[in-house]
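Below: entry_21.cif (mmCIF, C-alpha atoms)
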data_structure
#
loop_
_atom_site.label_atom_id
_atom_site.label_comp_id
_atom_site.auth_asym_id
_atom_site.auth_seq_id
_atom_site.Cartn_x
_atom_site.Cartn_y
_atom_site.Cartn_z
CA MET H 1 -19.15 -25.55 33.15
CA GLN H 2 -18.93 -21.78 33.01
CA ILE H 3 -18.37 -20.14 29.64
CA LYS H 4 -15.29 -17.94 29.79
CA ILE H 5 -13.96 -15.13 27.65
CA ARG H 6 -11.33 -17.44 26.17
CA HIS H 7 -14.10 -19.75 24.90
CA ILE H 8 -15.83 -16.87 23.11
CA SER H 9 -12.68 -15.28 21.69
CA THR H 10 -11.37 -18.64 20.46
CA PHE H 11 -14.69 -19.50 18.82
CA LEU H 12 -14.93 -16.10 17.12
CA GLU H 13 -11.44 -16.49 15.70
CA VAL H 14 -12.22 -20.00 14.43
CA ALA H 15 -15.44 -18.66 12.90
CA ARG H 16 -13.60 -15.76 11.26
CA THR H 17 -10.79 -17.85 9.75
CA VAL H 18 -12.83 -21.07 9.27
CA SER H 19 -9.68 -22.89 10.32
CA VAL H 20 -8.41 -24.30 13.59
CA GLY H 21 -4.81 -23.93 12.41
CA LYS H 22 -5.15 -20.27 11.39
CA ALA H 23 -7.02 -19.44 14.59
CA ALA H 24 -4.27 -21.10 16.64
CA ALA H 25 -1.62 -19.03 14.84
CA VAL H 26 -3.51 -15.77 15.45
CA LEU H 27 -4.15 -16.62 19.11
CA ASN H 28 -0.59 -17.90 19.59
CA VAL H 29 -1.69 -21.23 21.04
CA SER H 30 -1.49 -24.82 19.81
CA GLN H 31 -4.12 -26.39 17.53
CA PRO H 32 -5.05 -28.98 20.18
CA ALA H 33 -5.67 -26.13 22.63
CA VAL H 34 -8.06 -24.47 20.17
CA THR H 35 -9.85 -27.76 19.50
CA ARG H 36 -10.16 -28.44 23.24
CA THR H 37 -11.56 -24.97 23.90
CA ILE H 38 -14.17 -25.34 21.15
CA ARG H 39 -15.20 -28.74 22.51
CA GLU H 40 -15.58 -27.25 26.01
CA LEU H 41 -17.80 -24.50 24.61
CA GLU H 42 -19.91 -26.99 22.66
CA GLU H 43 -20.33 -29.09 25.81
CA ALA H 44 -21.42 -26.05 27.79
CA LEU H 45 -23.92 -25.01 25.11
CA GLY H 46 -25.15 -28.49 24.35
CA SER H 47 -24.77 -27.89 20.61
CA ALA H 48 -22.17 -28.60 17.96
CA LEU H 49 -20.75 -25.34 16.64
CA VAL H 50 -18.36 -26.62 13.95
CA GLU H 51 -18.32 -29.64 11.69
CA PRO H 52 -15.91 -31.18 9.15
CA ASP H 53 -16.04 -29.80 5.62
CA GLY H 54 -13.72 -31.72 3.33
CA ARG H 55 -10.23 -31.10 4.65
CA GLY H 56 -11.41 -28.09 6.63
CA ILE H 57 -14.30 -27.09 8.87
CA ARG H 58 -17.44 -24.98 8.71
CA LEU H 59 -19.90 -23.60 11.17
CA THR H 60 -23.09 -25.49 11.86
CA ALA H 61 -26.43 -23.67 11.84
CA ALA H 62 -26.10 -23.38 15.63
CA GLY H 63 -22.56 -22.07 15.18
CA GLU H 64 -23.71 -19.36 12.76
CA GLU H 65 -26.42 -18.26 15.17
CA PHE H 66 -24.06 -18.27 18.16
CA ARG H 67 -21.42 -16.30 16.27
CA ARG H 68 -23.85 -13.44 15.71
CA HIS H 69 -24.68 -13.20 19.42
CA ALA H 70 -21.11 -13.81 20.54
CA GLY H 71 -19.81 -11.01 18.31
CA LEU H 72 -22.37 -8.60 19.69
CA GLY H 73 -21.59 -9.72 23.21
CA MET H 74 -17.84 -9.20 22.87
CA ALA H 75 -18.33 -5.78 21.33
CA ALA H 76 -20.74 -4.80 24.14
CA LEU H 77 -18.30 -6.11 26.75
CA ARG H 78 -15.47 -3.99 25.34
CA GLN H 79 -17.73 -0.94 25.30
CA GLY H 80 -18.64 -1.61 28.91
CA VAL H 81 -14.99 -1.84 29.89
CA ASP H 82 -14.27 1.41 28.07
CA THR H 83 -17.17 3.11 29.86
CA LEU H 84 -15.96 2.07 33.30
CA ARG H 85 -12.38 3.01 32.56
CA ARG H 86 -13.46 6.53 31.76
CA GLY H 87 -14.71 6.78 35.33
CA ALA H 88 -15.05 10.30 36.65
CA ALA H 89 -13.53 11.85 33.54
CA SER H 90 -16.97 11.78 31.89
CA LEU H 91 -15.40 11.59 28.46
CA SER H 92 -16.93 9.91 25.46
CA PRO H 93 -15.01 6.82 24.41
CA PRO H 94 -12.72 7.39 21.44
CA LEU H 95 -13.75 6.10 18.05
CA ARG H 96 -11.23 3.39 17.23
CA VAL H 97 -10.22 3.38 13.59
CA GLY H 98 -7.82 0.99 11.90
CA ALA H 99 -6.15 2.35 8.76
CA LEU H 100 -3.63 1.03 6.30
CA PRO H 101 -0.50 3.19 5.86
CA THR H 102 -1.84 4.47 2.52
CA VAL H 103 -5.04 5.61 4.25
CA SER H 104 -3.23 7.09 7.24
CA ALA H 105 -1.10 9.18 4.92
CA ARG H 106 -3.76 10.34 2.44
CA ILE H 107 -7.24 10.11 3.87
CA MET H 108 -7.30 10.17 7.66
CA PRO H 109 -5.69 13.63 8.18
CA LYS H 110 -8.42 15.27 6.09
CA ALA H 111 -11.13 13.10 7.61
CA ALA H 112 -9.98 13.82 11.17
CA ARG H 113 -10.03 17.56 10.55
CA ARG H 114 -13.54 17.40 9.09
CA PHE H 115 -14.77 15.26 11.96
CA LEU H 116 -13.33 17.52 14.68
CA GLU H 117 -14.74 20.62 12.98
CA GLN H 118 -18.22 19.13 13.37
CA SER H 119 -17.54 17.48 16.74
CA PRO H 120 -15.04 19.62 18.70
CA ASP H 121 -15.22 17.26 21.70
CA GLY H 122 -14.79 14.16 19.56
CA ARG H 123 -12.02 11.70 20.30
CA LEU H 124 -10.24 9.45 17.83
CA LYS H 125 -7.82 6.57 18.21
CA ILE H 126 -6.17 5.76 14.88
CA VAL H 127 -4.26 2.50 14.59
CA THR H 128 -2.08 1.78 11.55
CA GLY H 129 -1.10 -1.74 10.63
CA GLU H 130 -1.50 -4.65 8.25
CA ASN H 131 -4.97 -5.36 6.90
CA ALA H 132 -5.20 -8.85 8.42
CA VAL H 133 -4.29 -7.61 11.89
CA LEU H 134 -6.73 -4.70 11.69
CA LEU H 135 -9.59 -6.97 10.59
CA GLN H 136 -8.82 -9.34 13.45
CA GLN H 137 -9.05 -6.43 15.89
CA LEU H 138 -12.28 -5.26 14.25
CA ALA H 139 -13.89 -8.70 14.53
CA GLY H 140 -12.89 -8.85 18.20
CA GLY H 141 -14.43 -5.47 19.00
CA GLU H 142 -11.09 -3.71 19.53
CA LEU H 143 -11.78 -1.39 16.57
CA ASP H 144 -15.00 0.26 15.43
CA LEU H 145 -14.01 0.69 11.82
CA VAL H 146 -11.24 -0.26 9.39
CA VAL H 147 -10.35 1.79 6.34
CA GLY H 148 -8.32 -0.34 3.96
CA ARG H 149 -8.30 -2.68 1.02
CA LEU H 150 -11.03 -5.24 0.43
CA ALA H 151 -9.83 -8.49 1.98
CA ALA H 152 -10.25 -12.02 0.66
CA PRO H 153 -13.76 -13.51 1.06
CA GLU H 154 -12.70 -15.86 3.86
CA SER H 155 -11.54 -12.85 5.91
CA MET H 156 -14.83 -10.97 5.43
CA ILE H 157 -17.07 -13.37 7.33
CA GLY H 158 -19.32 -11.32 9.61
CA LEU H 159 -18.03 -8.06 8.11
CA THR H 160 -19.39 -5.56 5.58
CA PHE H 161 -17.45 -3.47 3.05
CA GLU H 162 -18.29 -0.12 1.46
CA HIS H 163 -16.18 0.82 -1.55
CA LEU H 164 -14.63 4.31 -1.47
CA TYR H 165 -12.06 4.31 -4.27
CA SER H 166 -9.49 2.13 -6.02
CA GLU H 167 -5.73 2.40 -6.08
CA GLN H 168 -2.86 0.49 -7.61
CA VAL H 169 0.64 -0.53 -6.73
CA LEU H 170 3.58 1.57 -7.92
CA PHE H 171 7.31 0.97 -8.38
CA VAL H 172 9.09 4.04 -7.00
CA VAL H 173 12.74 5.07 -6.75
CA ARG H 174 14.80 8.08 -5.80
CA PRO H 175 15.14 10.91 -8.35
CA GLY H 176 18.12 10.27 -10.61
CA HIS H 177 17.87 6.48 -10.24
CA PRO H 178 19.69 4.56 -13.04
CA LEU H 179 16.46 2.89 -14.18
CA LEU H 180 14.88 6.27 -14.96
CA ALA H 181 17.49 6.91 -17.65
CA ARG H 182 16.68 3.77 -19.63
CA ASP H 183 14.51 4.27 -22.71
CA PRO H 184 12.76 2.02 -23.48
CA PHE H 185 12.37 0.77 -19.94
CA ASP H 186 13.38 -2.86 -19.36
CA LEU H 187 11.48 -4.50 -16.51
CA ALA H 188 14.06 -7.31 -16.35
CA LYS H 189 16.64 -4.81 -15.06
CA LEU H 190 14.80 -4.76 -11.73
CA SER H 191 16.64 -7.93 -10.72
CA ARG H 192 19.86 -5.90 -10.49
CA PHE H 193 18.53 -3.78 -7.63
CA THR H 194 17.33 -4.37 -4.09
CA VAL H 195 13.54 -4.51 -4.02
CA LEU H 196 11.57 -3.30 -1.01
CA MET H 197 8.47 -5.51 -0.84
CA PRO H 198 5.28 -5.50 1.23
CA THR H 199 5.25 -8.35 3.77
CA ALA H 200 3.58 -11.67 3.01
CA ALA H 201 0.71 -10.80 5.38
CA SER H 202 0.00 -7.44 3.73
CA VAL H 203 -3.15 -7.15 1.65
CA ILE H 204 -1.31 -5.94 -1.48
CA ARG H 205 1.32 -8.70 -1.49
CA PRO H 206 -0.78 -11.11 -3.63
CA PHE H 207 -1.23 -8.33 -6.22
CA VAL H 208 2.53 -7.76 -6.27
CA ASP H 209 3.40 -11.47 -6.51
CA ARG H 210 0.96 -12.04 -9.36
CA PHE H 211 2.31 -9.01 -11.22
CA LEU H 212 5.94 -10.11 -10.92
CA ILE H 213 5.17 -13.67 -11.99
CA ALA H 214 3.01 -12.52 -14.91
CA HIS H 215 5.86 -10.37 -16.18
CA GLY H 216 8.52 -13.03 -15.82
CA LEU H 217 9.99 -11.79 -12.55
CA PRO H 218 9.12 -14.45 -9.93
CA GLU H 219 12.49 -13.89 -8.28
CA ALA H 220 13.71 -10.30 -8.17
CA GLY H 221 17.10 -9.35 -6.74
CA ALA H 222 17.80 -8.86 -3.04
CA ARG H 223 14.58 -8.28 -1.10
CA ILE H 224 13.57 -6.47 2.05
CA GLU H 225 10.03 -7.02 3.35
CA SER H 226 8.43 -4.22 5.37
CA VAL H 227 5.17 -2.32 5.74
CA SER H 228 6.88 0.66 7.37
CA ASP H 229 6.40 3.66 5.11
CA SER H 230 8.94 5.70 7.12
CA PHE H 231 11.60 3.02 6.57
CA GLY H 232 10.68 2.76 2.90
CA ARG H 233 11.08 6.49 2.32
CA ALA H 234 14.40 6.69 4.12
CA PHE H 235 15.86 3.55 2.52
CA VAL H 236 14.85 4.40 -1.05
CA ARG H 237 16.04 7.99 -0.85
CA GLU H 238 19.48 6.83 0.32
CA SER H 239 19.96 3.88 -2.05
CA ASP H 240 19.17 2.53 -5.51
CA ALA H 241 16.44 0.26 -4.12
CA VAL H 242 13.08 -0.08 -5.85
CA TRP H 243 10.05 0.29 -3.57
CA ILE H 244 6.85 -1.56 -4.49
CA ILE H 245 4.08 0.21 -2.60
CA SER H 246 0.47 1.41 -2.81
CA GLU H 247 0.19 4.70 -4.66
CA GLY H 248 -1.57 6.45 -1.79
CA VAL H 249 1.43 6.02 0.50
CA VAL H 250 3.82 7.87 -1.80
CA ALA H 251 1.56 10.22 -3.78
CA ASN H 252 2.68 13.25 -1.75
CA ASP H 253 6.34 12.27 -2.09
CA VAL H 254 5.98 11.90 -5.85
CA ALA H 255 4.14 15.20 -6.19
CA ALA H 256 6.89 16.94 -4.19
CA GLY H 257 9.63 15.40 -6.33
CA HIS H 258 11.12 13.38 -3.46
CA LEU H 259 10.38 10.08 -5.21
CA ALA H 260 9.90 9.10 -8.85
CA VAL H 261 7.66 6.46 -10.42
CA LEU H 262 9.14 3.91 -12.80
CA PRO H 263 7.28 3.75 -16.14
CA ILE H 264 5.62 0.42 -15.45
CA ASP H 265 1.94 -0.19 -16.24
CA THR H 266 0.58 -1.57 -12.96
CA SER H 267 -3.10 -0.97 -13.65
CA GLU H 268 -3.76 -4.69 -13.18
CA THR H 269 -2.88 -4.31 -9.49
CA ARG H 270 -5.73 -1.89 -8.80
CA GLY H 271 -7.80 -2.88 -5.79
CA ALA H 272 -10.79 -1.54 -3.87
CA VAL H 273 -10.25 0.59 -0.77
CA GLY H 274 -13.16 1.22 1.56
CA LEU H 275 -14.84 1.01 4.95
CA THR H 276 -15.05 -2.35 6.75
CA MET H 277 -17.32 -2.81 9.76
CA ARG H 278 -18.87 -5.66 11.70
CA ALA H 279 -22.10 -6.62 10.01
CA ASP H 280 -24.01 -6.47 13.29
CA ALA H 281 -22.44 -3.22 14.55
CA GLU H 282 -24.55 -0.22 15.45
CA ARG H 283 -23.70 3.22 14.07
CA PRO H 284 -24.01 5.81 16.83
CA LEU H 285 -23.99 9.45 15.75
CA PRO H 286 -20.24 10.07 16.30
CA LEU H 287 -19.35 7.04 14.19
CA ALA H 288 -21.81 8.09 11.49
CA MET H 289 -20.23 11.57 11.47
CA LEU H 290 -16.73 10.09 11.15
CA ILE H 291 -17.80 7.84 8.28
CA LYS H 292 -19.28 10.86 6.50
CA ALA H 293 -16.01 12.75 7.02
CA ILE H 294 -13.99 9.84 5.60
CA ARG H 295 -16.21 9.67 2.53
CA ALA H 296 -15.80 13.41 1.99
CA ALA H 297 -12.01 13.14 2.29
CA CYS H 298 -11.84 10.63 -0.56
CA PRO H 299 -11.61 12.02 -4.11
CA PRO H 300 -14.37 10.62 -6.35
CA THR H 301 -11.88 8.73 -8.53
CA GLY H 302 -9.30 7.82 -5.89
CA PRO H 303 -6.30 9.55 -4.38
CA ALA H 304 -4.72 12.22 -6.48
CA GLY H 305 -1.28 11.63 -7.85
CA VAL H 306 0.31 9.42 -10.45
CA GLN H 307 -1.86 6.80 -12.07
#
Represent the structure of the file as C-alpha cells.
Amino acid sequence: MQIKIRHISTFLEVARTVSVGKAAAVLNVSQPAVTRTIRELEEALGSALVEPDGRGIRLTAAGEEFRRHAGLGMAALRQGVDTLRRGAASLSPPLRVGALPTVSARIMPKAARRFLEQSPDGRLKIVTGENAVLLQQLAGGELDLVVGRLAAPESMIGLTFEHLYSEQVLFVVRPGHPLLARDPFDLAKLSRFTVLMPTAASVIRPFVDRFLIAHGLPEAGARIESVSDSFGRAFVRESDAVWIISEGVVANDVAAGHLAVLPIDTSETRGAVGLTMRADAERPLPLAMLIKAIRAACPPTGPAGVQ
C-alpha cells in the first residue's frame, strides 16, 4: 500500500495531541476514520506507531522515531511546493509567522520594521489567530514560527519554546465607566455588566477561568466570547461591557486614554510569551534575522503599559 499525505498528516496530528478524538476534531473527520488511517499507515510501515496508555494512547518507540522524520518530511514538502509556486518570479519564500493578537499589536510592527531594514528584499506573512490553531499550523509546516503564550505541555510535543517576556490579563472598560467611580472597588459588581471573554480555545482562557473562580465569580453576567480585538475595542467603547484581555492588546489604548483599567490585581494571571518553533526545524539566515528582530522589539521586562 502506498503511503499518502493523509496518512502522514493524520499521524502527525495524533502524535501532537496524543489523542484520536482530539485529532479527529482538528482534522474534521470521525474518530473511526482516524483510527483506520493510522492502522493503514502501521500496516504499510510494518510497525506499530501507537499503543494504549490507560484511557488514552501514546507513541511507541517506532512512532517517536517516525514522527521526527515525518515532521521533517512534511516541512520539506511544503517548502518544495512554495519553491515551485514561485516559478519565474525568483522571489524568496515569505517567512510565515503566527502571532497572537497581543503580539500582532505590540511586537510584530516593530519587529517587521527592524527585519526589513536589515533585509530590504525580505518577505513576511503574518497570521493572527488563536494559539491552538497557530501551533497546529506550525506543527504541520504551514508556519515557520509562532510568537505567543506558552501552551500546555501536551501541545508542545515536538516543539521548542524560548521565553521573551511575561504579561497578564487585564479588565478594561471605557473611560467614565460606572465601576471606575466605586471606591473601594467591589469585584462582585462585575456580574451586573456584560463581560467580553476570550474564547474557550484561547490560551488565556484557563487563566481567566481560574481567576474568576478563585475570586468567587464562576458565573459573571451576560457573556460574549471573542478573540477579535477590533470587535472588543468597538464594543467596549460603545457600552458598559467589561473586557477581559491580555495587557499587550490594549496597552496602546490605555496609554492613549481610549480605555481604562479596572483596579483589579491580576498578577496571578501572568504567563510567558515567547517564540515557538518545531524542534527539528532549521534556522536559515532570514529566519534567524527575523528572530533577532523580534527579540529586539520586546522590552526586557515585557510590554510597556499598565501592570
| task | For stretch 191-202 of chain H, work out the shell of residues within 7 Å, counting only C-alpha atoms and skipping chain neighbours fewer than 6 positions away, then give it as a ChimeraX atom specification. | result | /H:130-132,220-227,240-245
For the file shown, report as a tab-separated table (two decimals) with C-alpha atoms, in the frame of the given file the outcome of the PyMOL selection byres ((chain H and resi 126) around 9) at residue level.
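File expr26.tsv, as written:
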chain	number	residue	atom	x	y	z
H	95	LEU	CA	-13.75	6.10	18.05
H	96	ARG	CA	-11.23	3.39	17.23
H	97	VAL	CA	-10.22	3.38	13.59
H	98	GLY	CA	-7.82	0.99	11.90
H	99	ALA	CA	-6.15	2.35	8.76
H	104	SER	CA	-3.23	7.09	7.24
H	108	MET	CA	-7.30	10.17	7.66
H	124	LEU	CA	-10.24	9.45	17.83
H	125	LYS	CA	-7.82	6.57	18.21
H	127	VAL	CA	-4.26	2.50	14.59
H	128	THR	CA	-2.08	1.78	11.55
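Using the PyMOL selection byres ((chain H and resi 262) around 9) on the file at hand returns these residues: H:Leu170, H:Phe171, H:Val172, H:Val173, H:Leu179, H:Leu180, H:Phe185, H:Val242, H:Ala260, H:Val261, H:Pro263, H:Ile264, H:Asp265.
Under the PyMOL selection byres ((chain H and resi 67-71) around 8), the matching residues in the shown file are H:Ile8, H:Phe11, H:Leu12, H:Ala15, H:Gly63, H:Glu64, H:Glu65, H:Phe66, H:Leu72, H:Gly73, H:Met74, H:Ala75, H:Ala139, H:Gly140, H:Gly141, H:Gly158, H:Asp280.
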| field | Pick from H:Leu287, H:Ile3, H:Ala296, H:Val146, whichever lies nearest to H:Ile38 using only C-alpha atoms | value | H:Ile3
Box for stretch 55-66 of chain H: with edges along x, y and z, all listed atoms inside and 4 Å added on each side, what are the centre and edge lengths in Å to one decimal, as AutoDock Vina command-line options?
--center_x -18.3 --center_y -24.7 --center_z 11.4 --size_x 24.2 --size_y 20.8 --size_z 21.5
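Nearest-residue note for H:Gly56: choosing from H:Ile213, H:Ala105, H:Ala255, H:Val18, the minimum distance belongs to H:Val18, counting all atoms listed in the file.
Across the structure, atom CA of H:Ala152 and atom CA of H:Thr10 are spaced 20.9 Å apart.
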| query | Using only C-alpha atoms, which residues sit within 12 Å of H:Phe161 once same-chain residues fewer than 2 positions away are excluded, as a ChimeraX atom specification? | reply | /H:135,145-153,155-159,163-165,272-279
C-alpha atoms of the current selection, written as an mmCIF file, keeping the file's coordinate frame:
data_model
loop_
_atom_site.group_PDB
_atom_site.id
_atom_site.type_symbol
_atom_site.label_atom_id
_atom_site.label_comp_id
_atom_site.auth_asym_id
_atom_site.auth_seq_id
_atom_site.Cartn_x
_atom_site.Cartn_y
_atom_site.Cartn_z
ATOM 1 C CA LEU H 135 -9.590 -6.970 10.590
ATOM 2 C CA LEU H 145 -14.010 0.690 11.820
ATOM 3 C CA VAL H 146 -11.240 -0.260 9.390
ATOM 4 C CA VAL H 147 -10.350 1.790 6.340
ATOM 5 C CA GLY H 148 -8.320 -0.340 3.960
ATOM 6 C CA ARG H 149 -8.300 -2.680 1.020
ATOM 7 C CA LEU H 150 -11.030 -5.240 0.430
ATOM 8 C CA ALA H 151 -9.830 -8.490 1.980
ATOM 9 C CA ALA H 152 -10.250 -12.020 0.660
ATOM 10 C CA PRO H 153 -13.760 -13.510 1.060
ATOM 11 C CA SER H 155 -11.540 -12.850 5.910
ATOM 12 C CA MET H 156 -14.830 -10.970 5.430
ATOM 13 C CA ILE H 157 -17.070 -13.370 7.330
ATOM 14 C CA GLY H 158 -19.320 -11.320 9.610
ATOM 15 C CA LEU H 159 -18.030 -8.060 8.110
ATOM 16 C CA HIS H 163 -16.180 0.820 -1.550
ATOM 17 C CA LEU H 164 -14.630 4.310 -1.470
ATOM 18 C CA TYR H 165 -12.060 4.310 -4.270
ATOM 19 C CA ALA H 272 -10.790 -1.540 -3.870
ATOM 20 C CA VAL H 273 -10.250 0.590 -0.770
ATOM 21 C CA GLY H 274 -13.160 1.220 1.560
ATOM 22 C CA LEU H 275 -14.840 1.010 4.950
ATOM 23 C CA THR H 276 -15.050 -2.350 6.750
ATOM 24 C CA MET H 277 -17.320 -2.810 9.760
ATOM 25 C CA ARG H 278 -18.870 -5.660 11.700
ATOM 26 C CA ALA H 279 -22.100 -6.620 10.010
#
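Our summary of the geometry notes that atom CA of H:Asp209 is positioned 18.7 Å from atom CA of H:Ser166.
Here atom CA of H:Gly122 and atom CA of H:Thr160 stand 24.6 Å from one another.
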